[in-house]
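Encoded as structure tokens, the structure appears first; notes follow it.
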Amino acid sequence: MGGVAEPVDDEALLARLRAAPVLAGPLPEFDPDGAPDGAPDAPGPLFARWLDRALTDGVPEPGVMTLSTAGADGTPAARVLMLRGVDTADCAFRFTSDSRSPKGHELAANPQAALTWYWPAHGRQIRITGPVAVLEGEATRRDFLGRGEPSRAAGFTGVTSAPLSGPAEYERAARTARREVAAEPDRVPATHVLYRLRATWAEFWQAVPARFHLRLRYERAGGGWTRTLLWP
């Protein structure tokens with residue numbers, strides 16, 4: 001059993017939080033109507049432009065995003081994972097999961113989701129929502145086999161979010177998985193699922209230190225998109 005935890009001074013913690021730097025900058029500029037870096041008519045190219053800038057500027061882990069889902073009962077859940085592909089022309093995004101995981105069950109019951117990126121170094125946030133479809137066959141196979149061996153071994157190690165007795169149980173399963181991957185390097189877990197979220201709306205948020213933050217929302221309309229500037 002652990003020791004008795006010291007009481008937490010919530011007010012002091014809040015004071016420290018308020019004193020922490022926010023939007024320290026320097027931040028890139030974004031003028032939705034300006035040229036040449038204004039907003040295009042569709043969100044996919046703007047996402048690609050912002051991601052390219054993040055990669056060029058060395059923003060830490062720009063492919064890391066928050067996936068939000070809800071099950072049949074409507075209870076929301078969120079977790080952080082990696083972006084596994086982008087269809088810029090259609091504004092669609094790929095990610096993976098084990099079908100036995102909580103998010104796998106939630107997406108099976110309610111195939112709608114939201115993605116969020118936040119890059120503090122640029123003061124930029126991107127929010128995407130839309131329906132989710134399962135990609136099968138060769139696309140899923142390429143995704144899994146394109147990973148490094150440790151990542152592929154992890155795909156055969158236990159069930160995501162299932163109870164774990166401790167590190168020893170994990171190490172036993174990991175050793176077995178590494179042997180299996182070495183013996184069958186082209187094997188893909190039957191429960192590995194590649195998902196594709198096709199955006200119905202997308203929002204781009206650019207922080208401005210003076211606090212007139214820019215929010216630009218795109219919504220699908222017929223075969224195109226509408227653009228709306230929102231109050232921050």
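The chains in the structure tokens are called A, B, ... from first to last as shown; in each chain the residues are counted from 1, and the ligands are counted from 1 in the order shown.
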
- Residues flagged helix (DSSP H, G or I) by DSSP in segment 32-184 of chain A, as number ranges by chain: A: 43-56, 102-109, 138-145, 149-154, 167-183

Any chance you could tabulate, as JSON lines, the residues of segment 128-214 of chain A at most 9 Å from segment 21-25 of chain A with each one's nearest atom pair and distance in Å to one decimal, using only C-alpha atoms, in chain and rising number order?
{"residue": "A:Ala207", "atom": "CA", "partner": "A:Leu23", "partner_atom": "CA", "distance": 7.2}
{"residue": "A:Val208", "atom": "CA", "partner": "A:Leu23", "partner_atom": "CA", "distance": 7.9}
{"residue": "A:Pro209", "atom": "CA", "partner": "A:Leu23", "partner_atom": "CA", "distance": 6.4}

- Distance query segment 51-56 of chain A at most 8 Å, only C-alpha atoms, self and fewer than 3 positions along chain excluded, as a list in words: Phe47, Ala48, Val59, Pro62, Trp119 and His122 of chain A

- Message: From the options A:Pro26, A:Pro102, A:Pro167, A:Pro60, which residue's atoms come nearest to Gly123 of chain A, counting only C-alpha atoms?
- Response: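 For Gly123 of chain A, the nearest of the given residues is A:Pro26.
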
- What lies within 12 Å of Ala133 of chain A using only C-alpha atoms, ignoring chain neighbours under 2 positions off, as a VMD selection string? chain A and resid 92 to 96 104 107 to 108 110 to 113 130 to 131 135 to 136 193 to 199

- Item | Nearest to Arg211 of chain A, chosen from A:Pro232, A:Gly223, A:Gly63, A:Pro7, with only C-alpha atoms counted in the distances |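 Using only C-alpha atoms, the shortest distance to Arg211 of chain A belongs to A:Pro232.
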
- Rank A:Asp10, A:Gln125, A:Ala72, A:Pro43 by their smallest atom-to-atom distance to Val86 of chain A, using only C-alpha atoms, and report the top residue only. A:Pro43

- Task: Considering only C-alpha atoms, state which residue in the set A:Ala177, A:Leu27, A:Ala70, A:Ala20 is at the smallest distance from Gln206 of chain A.
- Result: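 Checking each of A:Ala177, A:Leu27, A:Ala70, A:Ala20 against Gln206 of chain A, counting only C-alpha atoms, the winner is A:Leu27.
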
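Interatomic distance, atom CA of Asp90 of chain A to atom CA of Pro45 of chain A: 9.5 Å.
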
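For the pair atom CA of Val134 of chain A and atom CA of Leu81 of chain A, the interatomic distance is 16.9 Å.
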
- Task: Quick one: pick out all strand (DSSP E or B) residues within segment 126-230 of chain A from a backbone DSSP run and write them as a ChimeraX atom specification.
- Result: /A:126-135,192-198,201-206,214-221,224-230

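For the pair atom CA of Gly155 of chain A and atom CA of Pro189 of chain A, the separation is 6.9 Å.
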